[in-house]
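Dumped entry-v6.tsv below, it's TSV, C-alpha atoms and all ligand atoms:
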chain	number	residue	atom	x	y	z
V	1	MET	CA	259.91	122.46	-7.13
V	2	ASN	CA	260.53	118.84	-8.12
V	3	LEU	CA	258.80	116.11	-6.18
V	4	PRO	CA	261.44	113.35	-6.16
V	5	SER	CA	258.99	110.73	-4.88
V	6	VAL	CA	256.62	111.13	-7.82
V	7	ALA	CA	259.19	109.93	-10.33
V	8	ARG	CA	259.79	106.68	-8.43
V	9	THR	CA	257.97	103.37	-8.90
V	10	PRO	CA	254.94	103.53	-6.62
V	11	THR	CA	255.53	101.72	-3.35
V	12	PRO	CA	253.05	99.30	-1.70
V	13	LEU	CA	251.99	102.12	0.64
V	14	VAL	CA	251.23	104.53	-2.19
V	15	LEU	CA	249.51	101.80	-4.24
V	16	ALA	CA	247.31	100.76	-1.31
V	17	ALA	CA	246.46	104.40	-0.61
V	18	ARG	CA	245.30	104.78	-4.21
V	19	GLY	CA	243.35	101.53	-4.15
V	20	GLU	CA	245.60	99.89	-6.73
V	21	PRO	CA	246.83	96.26	-6.61
V	22	VAL	CA	249.71	95.71	-4.18
V	23	PRO	CA	252.52	93.14	-4.19
V	24	VAL	CA	252.13	92.91	-0.42
V	25	THR	CA	249.95	94.63	2.20
V	26	PRO	CA	252.04	97.57	3.44
V	27	VAL	CA	252.61	97.82	7.18
V	28	TRP	CA	253.96	100.56	9.42
V	29	PHE	CA	253.20	101.62	13.00
V	30	MET	CA	252.15	104.95	14.41
V	31	ARG	CA	254.84	105.94	16.94
V	32	GLN	CA	257.20	103.32	15.52
V	33	ALA	CA	260.05	105.71	16.30
V	34	GLY	CA	260.22	106.22	20.02
V	35	ARG	CA	260.40	104.77	23.45
V	36	SER	CA	259.78	101.12	22.56
V	37	LEU	CA	263.27	101.11	20.99
V	38	PRO	CA	266.38	100.93	23.23
V	39	GLU	CA	268.42	102.58	20.46
V	40	TYR	CA	265.99	105.53	20.59
V	41	ARG	CA	266.25	105.86	24.36
V	42	ALA	CA	270.04	105.80	24.09
V	43	LEU	CA	270.14	108.51	21.43
V	44	ARG	CA	267.72	110.78	23.30
V	45	GLN	CA	269.72	110.71	26.58
V	46	GLY	CA	269.85	114.28	27.88
V	47	ILE	CA	268.29	115.83	24.77
V	48	PRO	CA	264.83	117.40	25.25
V	49	MET	CA	262.15	116.17	22.85
V	50	LEU	CA	261.65	119.43	20.93
V	51	GLU	CA	265.38	120.01	20.62
V	52	ALA	CA	265.71	116.55	19.08
V	53	CYS	CA	262.92	117.43	16.63
V	54	GLN	CA	264.86	120.52	15.50
V	55	ARG	CA	268.12	118.71	14.73
V	56	PRO	CA	268.03	117.17	11.24
V	57	ASP	CA	270.85	114.71	12.07
V	58	LEU	CA	268.90	113.32	15.04
V	59	VAL	CA	265.56	113.40	13.22
V	60	GLN	CA	267.11	111.42	10.41
V	61	GLU	CA	268.69	108.81	12.64
V	62	ILE	CA	265.60	108.34	14.87
V	63	THR	CA	263.31	108.09	11.83
V	64	MET	CA	265.55	105.38	10.34
V	65	GLN	CA	265.75	103.23	13.48
V	66	PRO	CA	262.42	101.39	13.10
V	67	VAL	CA	262.90	101.05	9.34
V	68	ARG	CA	266.20	99.21	9.87
V	69	ARG	CA	264.96	97.14	12.78
V	70	HIS	CA	261.47	96.13	11.63
V	71	GLY	CA	261.59	96.35	7.83
V	72	VAL	CA	258.37	98.42	7.81
V	73	ASP	CA	257.01	99.67	4.49
V	74	ALA	CA	257.23	103.32	5.48
V	75	ALA	CA	259.19	105.71	7.62
V	76	ILE	CA	257.32	108.42	9.53
V	77	LEU	CA	259.17	111.63	10.17
V	78	PHE	CA	260.31	111.92	13.78
V	79	SER	CA	258.65	115.11	14.94
V	80	ASP	CA	255.62	116.11	16.98
V	81	ILE	CA	252.32	117.84	16.34
V	82	VAL	CA	253.45	120.91	18.31
V	83	VAL	CA	256.61	121.48	16.24
V	84	PRO	CA	254.94	123.90	13.74
V	85	LEU	CA	253.31	125.79	16.63
V	86	ARG	CA	256.64	126.27	18.35
V	87	ALA	CA	258.21	127.31	15.02
V	88	ALA	CA	255.42	129.88	14.57
V	89	GLY	CA	256.27	131.38	17.97
V	90	VAL	CA	254.00	129.59	20.46
V	91	ASP	CA	255.61	129.02	23.87
V	92	VAL	CA	255.05	125.26	24.05
V	93	ASP	CA	257.21	122.47	25.40
V	94	ILE	CA	256.88	118.69	25.65
V	95	VAL	CA	257.13	117.57	29.26
V	96	PRO	CA	258.28	113.95	29.65
V	97	GLY	CA	255.45	111.69	30.75
V	98	VAL	CA	252.89	114.50	30.30
V	99	GLY	CA	252.92	115.72	26.71
V	100	PRO	CA	252.67	119.21	25.23
V	101	VAL	CA	252.34	122.05	27.75
V	102	VAL	CA	251.46	125.58	26.59
V	103	ALA	CA	252.62	128.58	28.67
V	104	ASP	CA	249.74	130.94	27.76
V	105	PRO	CA	246.62	128.96	26.88
V	106	ILE	CA	244.48	130.70	24.29
V	107	ARG	CA	241.50	132.60	25.68
V	108	THR	CA	241.14	135.77	23.59
V	109	LEU	CA	240.91	137.02	20.02
V	110	GLU	CA	244.11	139.07	20.49
V	111	GLN	CA	245.97	135.86	21.23
V	112	VAL	CA	244.50	134.29	18.12
V	113	HIS	CA	245.57	137.27	16.03
V	114	ARG	CA	249.15	136.86	17.25
V	115	LEU	CA	249.17	133.18	16.19
V	116	GLY	CA	251.01	132.48	12.94
V	117	PRO	CA	251.29	132.56	10.03
V	118	LEU	CA	253.95	129.88	9.66
V	119	HIS	CA	256.62	130.84	7.15
V	120	PRO	CA	258.27	127.85	5.43
V	121	GLU	CA	261.73	129.07	6.43
V	122	GLN	CA	260.69	128.73	10.11
V	123	VAL	CA	260.56	124.98	9.56
V	124	GLY	CA	263.65	124.79	7.34
V	125	PHE	CA	265.04	122.18	9.74
V	126	VAL	CA	262.10	119.91	8.86
V	127	ALA	CA	262.62	120.37	5.13
V	128	ALA	CA	266.32	119.55	5.61
V	129	ALA	CA	265.53	116.39	7.58
V	130	VAL	CA	262.95	115.26	5.02
V	131	ALA	CA	265.32	115.82	2.10
V	132	GLY	CA	268.12	113.92	3.86
V	133	LEU	CA	265.77	111.09	4.74
V	134	VAL	CA	264.34	110.70	1.26
V	135	ALA	CA	267.88	110.30	-0.06
V	136	GLU	CA	268.75	107.76	2.64
V	137	LEU	CA	265.48	105.80	2.41
V	138	GLY	CA	265.71	104.95	-1.27
V	139	ASP	CA	262.59	102.97	-2.12
V	140	VAL	CA	261.00	103.21	1.32
V	141	PRO	CA	258.43	106.03	1.37
V	142	LEU	CA	258.52	108.78	3.99
V	143	ILE	CA	255.27	109.83	5.67
V	144	GLY	CA	255.07	113.47	6.67
V	145	PHE	CA	252.46	114.47	9.24
V	146	ALA	CA	250.78	117.21	11.20
V	147	GLY	CA	248.19	117.57	13.93
V	148	ALA	CA	244.74	118.59	12.72
V	149	PRO	CA	243.30	121.97	13.72
V	150	PHE	CA	240.97	120.49	16.38
V	151	THR	CA	243.63	118.44	18.16
V	152	LEU	CA	246.08	121.37	18.09
V	153	ALA	CA	243.33	123.70	19.37
V	154	SER	CA	242.67	121.33	22.24
V	155	TYR	CA	246.28	121.60	23.45
V	156	LEU	CA	246.38	125.39	22.92
V	157	ILE	CA	243.11	126.02	24.77
V	158	GLU	CA	243.54	123.51	27.61
V	159	GLY	CA	247.23	124.35	28.03
V	160	GLY	CA	248.11	120.66	27.96
V	161	PRO	CA	246.66	117.18	27.63
V	162	SER	CA	243.05	116.96	28.74
V	163	LYS	CA	240.68	114.11	29.49
V	164	ASN	CA	237.39	115.97	29.14
V	165	HIS	CA	238.33	118.87	26.83
V	166	GLU	CA	236.07	121.12	28.88
V	167	ARG	CA	237.74	124.44	28.06
V	168	THR	CA	237.93	123.48	24.42
V	169	LYS	CA	234.23	122.66	24.30
V	170	ALA	CA	233.40	125.78	26.30
V	171	MET	CA	234.99	127.89	23.57
V	172	MET	CA	233.40	125.82	20.81
V	173	TYR	CA	229.87	126.23	22.24
V	174	GLY	CA	230.24	129.59	23.99
V	175	ALA	CA	232.42	131.66	21.65
V	176	PRO	CA	231.99	130.28	18.13
V	177	GLU	CA	233.59	133.31	16.45
V	178	LEU	CA	236.72	132.96	18.54
V	179	TRP	CA	236.65	129.21	17.90
V	180	HIS	CA	236.48	129.51	14.14
V	181	ALA	CA	239.11	132.28	14.09
V	182	LEU	CA	241.47	130.00	16.02
V	183	LEU	CA	240.82	126.95	13.84
V	184	ASP	CA	241.25	129.07	10.69
V	185	ARG	CA	244.72	130.07	11.88
V	186	LEU	CA	245.62	126.53	12.81
V	187	ALA	CA	244.45	125.21	9.45
V	188	ASP	CA	246.72	127.72	7.70
V	189	ILE	CA	249.74	126.74	9.83
V	190	THR	CA	249.05	123.03	9.30
V	191	LEU	CA	248.67	123.41	5.56
V	192	VAL	CA	251.98	125.26	5.24
V	193	PHE	CA	253.71	122.66	7.41
V	194	LEU	CA	252.42	119.71	5.36
V	195	ARG	CA	253.22	121.37	2.04
V	196	VAL	CA	256.80	121.95	3.19
V	197	GLN	CA	257.16	118.24	3.93
V	198	ALA	CA	255.67	117.13	0.60
V	199	GLN	CA	257.77	119.60	-1.33
V	200	ALA	CA	260.90	118.33	0.41
V	201	GLY	CA	260.04	114.79	-0.73
V	202	ALA	CA	257.55	113.14	1.66
V	203	SER	CA	255.45	110.77	-0.46
V	204	VAL	CA	252.45	110.39	1.87
V	205	LEU	CA	250.97	112.80	4.43
V	206	GLN	CA	249.02	111.92	7.58
V	207	LEU	CA	246.77	114.35	9.41
V	208	PHE	CA	246.38	113.29	13.06
V	209	ASP	CA	243.10	114.40	14.64
V	210	SER	CA	243.72	112.24	17.66
V	211	TRP	CA	241.04	113.77	19.89
V	212	ALA	CA	238.26	114.18	17.28
V	213	GLY	CA	236.42	111.27	18.92
V	214	ALA	CA	235.62	113.56	21.86
V	215	LEU	CA	232.91	115.27	19.79
V	216	SER	CA	229.41	114.34	18.70
V	217	ARG	CA	228.88	113.88	14.99
V	218	ALA	CA	226.87	117.11	14.75
V	219	ASP	CA	229.58	119.14	16.46
V	220	TYR	CA	232.33	117.49	14.45
V	221	LEU	CA	230.48	118.40	11.25
V	222	THR	CA	230.00	122.08	12.04
V	223	ALA	CA	232.94	122.96	14.30
V	224	VAL	CA	235.80	120.82	12.99
V	225	ALA	CA	235.25	119.26	9.57
V	226	PRO	CA	235.39	122.56	7.58
V	227	HIS	CA	238.86	123.29	9.00
V	228	SER	CA	240.19	119.79	8.37
V	229	ARG	CA	238.87	120.17	4.83
V	230	THR	CA	240.86	123.40	4.40
V	231	VAL	CA	244.00	121.41	5.16
V	232	LEU	CA	243.32	118.23	3.18
V	233	ALA	CA	241.76	119.95	0.17
V	234	GLY	CA	244.66	122.40	0.20
V	235	LEU	CA	247.02	119.48	-0.45
V	236	ALA	CA	245.10	118.02	-3.40
V	237	ASP	CA	247.28	119.64	-6.09
V	238	LEU	CA	250.40	117.89	-4.75
V	239	GLY	CA	249.20	114.43	-5.80
V	240	VAL	CA	250.47	112.96	-2.51
V	241	PRO	CA	248.11	110.46	-0.76
V	242	ARG	CA	246.53	111.84	2.39
V	243	ILE	CA	245.76	109.71	5.47
V	244	HIS	CA	243.32	111.10	8.06
V	245	PHE	CA	243.35	109.47	11.49
V	246	GLY	CA	241.63	109.91	14.82
V	247	VAL	CA	240.81	107.87	17.92
V	248	GLY	CA	237.22	106.99	18.88
V	249	THR	CA	235.97	108.34	15.55
V	250	GLY	CA	233.56	105.53	14.63
V	251	GLU	CA	230.65	107.97	14.33
V	252	VAL	CA	232.48	110.28	11.92
V	253	LEU	CA	234.61	107.96	9.77
V	254	ASP	CA	232.65	108.88	6.64
V	255	VAL	CA	233.11	112.60	7.27
V	256	MET	CA	236.83	112.12	7.89
V	257	GLY	CA	237.02	110.61	4.42
V	258	ASP	CA	234.77	113.17	2.78
V	259	VAL	CA	236.84	116.16	3.93
V	260	GLY	CA	239.58	115.08	1.53
V	261	ALA	CA	241.32	111.88	2.64
V	262	ASP	CA	242.51	109.07	0.40
V	263	VAL	CA	242.93	106.77	3.40
V	264	VAL	CA	240.92	106.82	6.62
V	265	GLY	CA	242.73	105.66	9.75
V	266	VAL	CA	240.54	103.49	12.00
V	267	ASP	CA	241.17	102.73	15.67
V	268	TRP	CA	240.50	99.25	17.11
V	269	ARG	CA	236.88	99.93	18.09
V	270	VAL	CA	235.38	99.47	14.62
V	271	PRO	CA	236.25	96.37	12.52
V	272	LEU	CA	237.66	97.32	9.13
V	273	ASP	CA	234.82	95.73	7.12
V	274	GLU	CA	232.31	97.75	9.14
V	275	ALA	CA	234.52	100.84	8.72
V	276	VAL	CA	234.40	100.32	4.94
V	277	ARG	CA	230.59	100.19	5.11
V	278	ARG	CA	230.61	103.53	6.93
V	279	ILE	CA	233.27	105.23	4.78
V	280	GLY	CA	232.12	103.93	1.40
V	281	PRO	CA	234.01	102.11	-1.36
V	282	HIS	CA	236.10	104.99	-2.69
V	283	ARG	CA	238.75	105.25	0.00
V	284	ALA	CA	241.39	103.00	1.49
V	285	VAL	CA	241.61	102.24	5.21
V	286	GLN	CA	244.49	102.06	7.67
V	287	GLY	CA	244.58	100.09	10.89
V	288	ASN	CA	243.60	98.70	13.26
V	289	LEU	CA	245.31	96.35	15.72
V	290	ASP	CA	244.75	97.38	19.34
V	291	PRO	CA	248.23	98.38	20.62
V	292	ALA	CA	247.42	96.65	23.92
V	293	VAL	CA	247.09	93.27	22.15
V	294	LEU	CA	250.87	93.35	21.65
V	295	PHE	CA	251.18	92.53	25.36
V	296	ALA	CA	248.97	89.41	25.12
V	297	GLY	CA	251.43	86.86	23.76
V	298	TRP	CA	252.12	85.81	20.17
V	299	ASP	CA	249.10	83.52	19.68
V	300	ALA	CA	246.71	86.35	20.42
V	301	VAL	CA	248.69	88.77	18.25
V	302	GLU	CA	248.69	86.36	15.31
V	303	ARG	CA	244.96	85.68	15.65
V	304	GLU	CA	244.20	89.41	15.63
V	305	VAL	CA	246.53	90.14	12.69
V	306	ARG	CA	244.79	87.42	10.64
V	307	ARG	CA	241.35	88.74	11.56
V	308	ILE	CA	242.31	92.31	10.60
V	309	LEU	CA	243.82	91.23	7.28
V	310	ALA	CA	240.64	89.29	6.48
V	311	GLU	CA	238.39	92.23	7.38
V	312	GLY	CA	240.69	94.59	5.48
V	313	ARG	CA	239.98	92.70	2.25
V	314	ALA	CA	236.63	94.50	2.17
V	315	ALA	CA	238.53	97.72	1.51
V	316	ARG	CA	239.69	99.26	-1.75
V	317	GLY	CA	243.15	99.36	-0.19
V	318	HIS	CA	244.44	98.38	3.25
V	319	VAL	CA	247.47	99.79	5.06
V	320	PHE	CA	248.17	97.60	8.08
V	321	ASN	CA	248.82	99.58	11.27
V	322	LEU	CA	247.87	99.71	14.91
V	323	GLY	CA	244.67	101.45	15.99
V	324	HIS	CA	246.80	104.07	17.80
V	325	GLY	CA	250.48	104.57	18.60
V	326	VAL	CA	252.95	101.95	19.84
V	327	LEU	CA	252.85	101.95	23.66
V	328	PRO	CA	256.22	102.72	25.28
V	329	ASP	CA	256.57	99.33	27.05
V	330	THR	CA	255.92	97.30	23.89
V	331	ASP	CA	258.44	94.53	23.12
V	332	PRO	CA	259.90	95.71	19.80
V	333	ASP	CA	260.44	92.11	18.65
V	334	VAL	CA	256.66	91.70	18.51
V	335	LEU	CA	256.53	94.61	16.05
V	336	THR	CA	259.14	92.96	13.84
V	337	ARG	CA	257.21	89.67	13.90
V	338	ILE	CA	253.99	91.46	12.91
V	339	VAL	CA	255.71	93.00	9.88
V	340	ASP	CA	256.95	89.57	8.79
V	341	LEU	CA	253.55	87.97	9.38
V	342	VAL	CA	251.66	90.62	7.39
V	343	HIS	CA	254.12	90.24	4.53
V	344	ASP	CA	254.05	86.41	4.61
V	345	LEU	CA	250.26	86.27	4.65
V	346	THR	CA	249.72	88.80	1.87
V	347	ALA	CA	252.61	88.36	-0.59
V	348	ALA	CA	251.05	87.99	-4.02
I	401	LIG	O1	254.80	108.04	14.86
I	401	LIG	C1	256.03	108.28	14.91
I	401	LIG	O2	256.88	107.36	15.06
I	401	LIG	C2	256.52	109.69	14.65
I	401	LIG	C3	256.67	110.49	15.79
I	401	LIG	C4	255.50	111.16	16.49
I	401	LIG	C5	255.65	111.73	17.78
I	401	LIG	N1	254.53	112.39	18.11
I	401	LIG	C6	256.88	111.61	18.57
I	401	LIG	C7	256.76	111.75	20.04
I	401	LIG	C8	254.20	111.47	16.08
I	401	LIG	C9	253.50	111.08	14.78
I	401	LIG	C10	253.60	112.26	17.10
I	401	LIG	C11	252.26	112.84	17.00
I	401	LIG	C12	251.58	113.28	18.22
I	401	LIG	N2	252.09	113.97	19.28
I	401	LIG	C13	250.18	113.16	18.41
I	401	LIG	C14	249.22	112.54	17.45
I	401	LIG	C15	249.31	111.06	17.46
I	401	LIG	C16	248.73	110.40	18.68
I	401	LIG	O3	249.50	109.72	19.37
I	401	LIG	O4	247.54	110.54	18.90
I	401	LIG	C17	249.88	113.74	19.65
I	401	LIG	C18	248.52	113.82	20.31
I	401	LIG	C19	251.10	114.26	20.18
I	401	LIG	C20	251.29	115.01	21.46
I	401	LIG	C21	252.25	114.30	22.32
I	401	LIG	N3	253.62	114.36	22.16
I	401	LIG	C22	251.99	113.40	23.39
I	401	LIG	C23	250.62	113.06	23.92
I	401	LIG	C24	253.23	112.92	23.86
I	401	LIG	C25	253.50	111.86	24.91
I	401	LIG	C26	253.96	112.41	26.22
I	401	LIG	C27	254.65	111.34	27.03
I	401	LIG	O5	255.83	111.54	27.38
I	401	LIG	O6	254.03	110.30	27.31
I	401	LIG	C28	254.22	113.53	23.06
I	401	LIG	C29	255.68	113.33	23.16
I	401	LIG	C30	256.25	112.50	22.08
I	401	LIG	N4	256.03	112.66	20.75
I	401	LIG	C31	257.18	111.45	22.25
I	401	LIG	C32	257.52	110.98	20.98
I	401	LIG	C33	258.50	109.91	20.61
I	401	LIG	C34	257.73	110.98	23.59
I	401	LIG	C35	258.77	111.93	24.07
I	401	LIG	C36	260.04	111.25	24.52
I	401	LIG	O7	260.45	110.25	23.92
I	401	LIG	O8	260.65	111.80	25.44

What would the structure in this file look like if it were written as structure tokens?
Ligand code: CP3
Amino acid sequence: MNLPSVARTPTPLVLAARGEPVPVTPVWFMRQAGRSLPEYRALRQGIPMLEACQRPDLVQEITMQPVRRHGVDAAILFSDIVVPLRAAGVDVDIVPGVGPVVADPIRTLEQVHRLGPLHPEQVGFVAAAVAGLVAELGDVPLIGFAGAPFTLASYLIEGGPSKNHERTKAMMYGAPELWHALLDRLADITLVFLRVQAQAGASVLQLFDSWAGALSRADYLTAVAPHSRTVLAGLADLGVPRIHFGVGTGEVLDVMGDVGADVVGVDWRVPLDEAVRRIGPHRAVQGNLDPAVLFAGWDAVEREVRRILAEGRAARGHVFNLGHGVLPDTDPDVLTRIVDLVHDLTAA
């Protein structure tokens, strides 16, 4: 299959991801499409989250909204980490204000054996949305994404969002065979889902391991990293830059790079120059403005943006972003001003 994005002139995002010189530091925001935008809230009226994710017309429009409004250097597909699970037959829904809720949390090997595989045609609606978006976006790159095996496992085992991940860790420590069988399946589903997006034209892929920071380094290395590697290494032949992100992952940033990322996403806890020391010189970084700073007034925002750009110069490539997703009550005008500031301060 042709990869339309490969033929195009590389964009600032792709250049930064590869560590090549950029005309401007690229900037986009995790969760840029969503509740901070009134036009998003209007469009979603009466339409459940997962239904919206399955309608290419809505996915396309919602994905475009922040691109039009903020002039960001990338679009990220409007979807959710549970979309491939639902497509593969898992009874999961997204409950407003709660997050993903799973009807039958995974406890047994029989349940694991019934999970997946994901067939590309089960996510044909995603391929259709990606193809439509790539045509509409022109020179703006589209980021495809998926949840990493650990973060998906956490939702499937806990049955929903969890603060302490106690059932997840109980399985990890108490039933390692079951654990690895489950993460094997999830890695396969995730890899298929990301390949579908790249083959439909996504020019960058991000693997979200949002809850990886809940683990010690030793446990991350043995219980999680091999499965994330299956996913990221399984994408290598596509030639599409891979971003790997988690929250609270300061102790494992190097491992998150080593399992096959071109760009390591950093939350706000570790300054980017220190992150580069931990990750090494061969990968780019993404981040890392604390999303809560956007509530502190423009002077504070500007000070933090300047600090992060300065620290980001230590990196081979820097993709400006928040340290986690846009919070729902964020004033969207602050996001637009950040895009302009990053561009003004870094234009070559
Ligand atoms: O970044 C983007 O703009 C693309 C869209 C996107 C969504 N979810 C849309 C969404 C992305 C990249 C995700 C990923 C996702 N989903 C992650 C990993 C990133 C992270 O934030 O750590 C996780 C852990 C989820 C699971 C999930 N889905 C949660 C915790 C929630 C929030 C629940 C709530 O209502 O507070 C969701 C729902 C969700 N996903 C919304 C959006 C826009 C809100 C639903 C709505 O608007 O009704």

Atomic separation - CA of Pro241 in chain V relative to CA of Leu15 in chain V, Å: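 Atom-to-atom, CA of Leu15 in chain V and CA of Pro241 in chain V are spaced 9.4 Å apart.
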
Ala127 in chain V: which residues within 7 Å, counting only C-alpha atoms, same-chain residues fewer than 4 positions away excluded, as a PDB file with C-alpha atoms, keeping the file's coordinate frame?
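Writing the result to result_26.pdb gives the following:
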ATOM      1  CA  VAL V 123     260.560 124.980   9.560  1.00  0.00           C
ATOM      2  CA  ALA V 131     265.320 115.820   2.100  1.00  0.00           C
ATOM      3  CA  VAL V 196     256.800 121.950   3.190  1.00  0.00           C
ATOM      4  CA  GLN V 197     257.160 118.240   3.930  1.00  0.00           C
ATOM      5  CA  ALA V 200     260.900 118.330   0.410  1.00  0.00           C
TER       6      ALA V 200
END

Counting all atoms listed in the file, find residues at most 9 Å from (253.2, 123.5, 34.4) (file frame) and give them as a PDB file with C-alpha atoms, in the frame of the given file.
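Everything below was put into point-v9.pdb:
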ATOM      1  CA  VAL V  95     257.130 117.570  29.260  1.00  0.00           C
ATOM      2  CA  VAL V 101     252.340 122.050  27.750  1.00  0.00           C
ATOM      3  CA  VAL V 102     251.460 125.580  26.590  1.00  0.00           C
ATOM      4  CA  ALA V 103     252.620 128.580  28.670  1.00  0.00           C
ATOM      5  CA  GLY V 159     247.230 124.350  28.030  1.00  0.00           C
ATOM      6  CA  GLY V 160     248.110 120.660  27.960  1.00  0.00           C
TER       7      GLY V 160
END

Interface rows for chain V against ligand LIG 401 (chain I): nearest pair, Å to one decimal, 9 Å, all atoms listed in the file, as a tab-separated table:
residue	atom	partner	partner_atom	distance
V:Phe29	CA	I:LIG401	O1	6.9
V:Met30	CA	I:LIG401	O1	4.1
V:Arg31	CA	I:LIG401	O1	3.0
V:Gln32	CA	I:LIG401	O2	4.1
V:Ala33	CA	I:LIG401	O2	3.8
V:Gly34	CA	I:LIG401	C33	4.1
V:Arg35	CA	I:LIG401	O7	5.5
V:Tyr40	CA	I:LIG401	O7	8.0
V:Arg41	CA	I:LIG401	O7	7.3
V:Arg44	CA	I:LIG401	O7	7.3
V:Ile47	CA	I:LIG401	O8	8.7
V:Pro48	CA	I:LIG401	O8	7.0
V:Met49	CA	I:LIG401	O8	5.3
V:Leu50	CA	I:LIG401	C35	8.6
V:Cys53	CA	I:LIG401	C6	8.6
V:Ile62	CA	I:LIG401	O2	8.8
V:Thr63	CA	I:LIG401	O2	7.2
V:Pro66	CA	I:LIG401	O2	8.4
V:Ala75	CA	I:LIG401	O2	8.0
V:Ile76	CA	I:LIG401	C2	5.3
V:Leu77	CA	I:LIG401	C2	5.6
V:Phe78	CA	I:LIG401	C3	4.4
V:Ser79	CA	I:LIG401	C3	5.1
V:Asp80	CA	I:LIG401	N1	4.0
V:Ile81	CA	I:LIG401	N2	4.9
V:Val82	CA	I:LIG401	C20	7.0
V:Ile94	CA	I:LIG401	C29	6.0
V:Val95	CA	I:LIG401	O5	6.4
V:Pro96	CA	I:LIG401	O5	4.1
V:Gly97	CA	I:LIG401	O5	3.4
V:Val98	CA	I:LIG401	C26	4.7
V:Gly99	CA	I:LIG401	C26	3.5
V:Pro100	CA	I:LIG401	C21	5.7
V:Gly144	CA	I:LIG401	C9	8.6
V:Phe145	CA	I:LIG401	C9	6.6
V:Ala146	CA	I:LIG401	C11	7.4
V:Gly147	CA	I:LIG401	C14	6.2
V:Ala148	CA	I:LIG401	C14	8.9
V:Thr151	CA	I:LIG401	C18	7.1
V:Leu152	CA	I:LIG401	C18	8.2
V:Tyr155	CA	I:LIG401	C20	8.5
V:Gly160	CA	I:LIG401	C23	9.0
V:Pro161	CA	I:LIG401	C23	6.8
V:Gln206	CA	I:LIG401	C9	8.5
V:Leu207	CA	I:LIG401	C14	8.6
V:Phe208	CA	I:LIG401	C14	5.3
V:Asp209	CA	I:LIG401	C14	7.0
V:Ser210	CA	I:LIG401	O4	4.4
V:Trp211	CA	I:LIG401	O4	7.3
V:Phe245	CA	I:LIG401	O4	8.6
V:Gly246	CA	I:LIG401	O4	7.2
V:Val247	CA	I:LIG401	O4	7.3
V:His324	CA	I:LIG401	O3	6.5
V:Gly325	CA	I:LIG401	O3	5.3
V:Val326	CA	I:LIG401	O1	8.1
V:Pro328	CA	I:LIG401	O6	8.1

V:His244, V:Arg229, V:His282, V:Arg313 ranked by distance to Val259 in chain V, top pick (using only C-alpha atoms): V:Arg229

Exercise: range 308-312 of chain V partners within 9 Å, only C-alpha atoms, chain neighbours under 4 positions left out, as a ChimeraX atom specification: /V:25,271-274,276,285-289,303-304,316-320,342,345-346

Distance of CA of Ser203 in chain V from CA of Val22 in chain V, expressed in Å to one decimal place: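 Taking CA of Val22 in chain V and CA of Ser203 in chain V, their separation equals 16.5 Å.
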
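Proximity ranking of V:Leu156, V:Leu322, V:Val130, V:Ile338 relative to Arg269 in chain V places V:Leu322 first, based on all atoms listed in the file.
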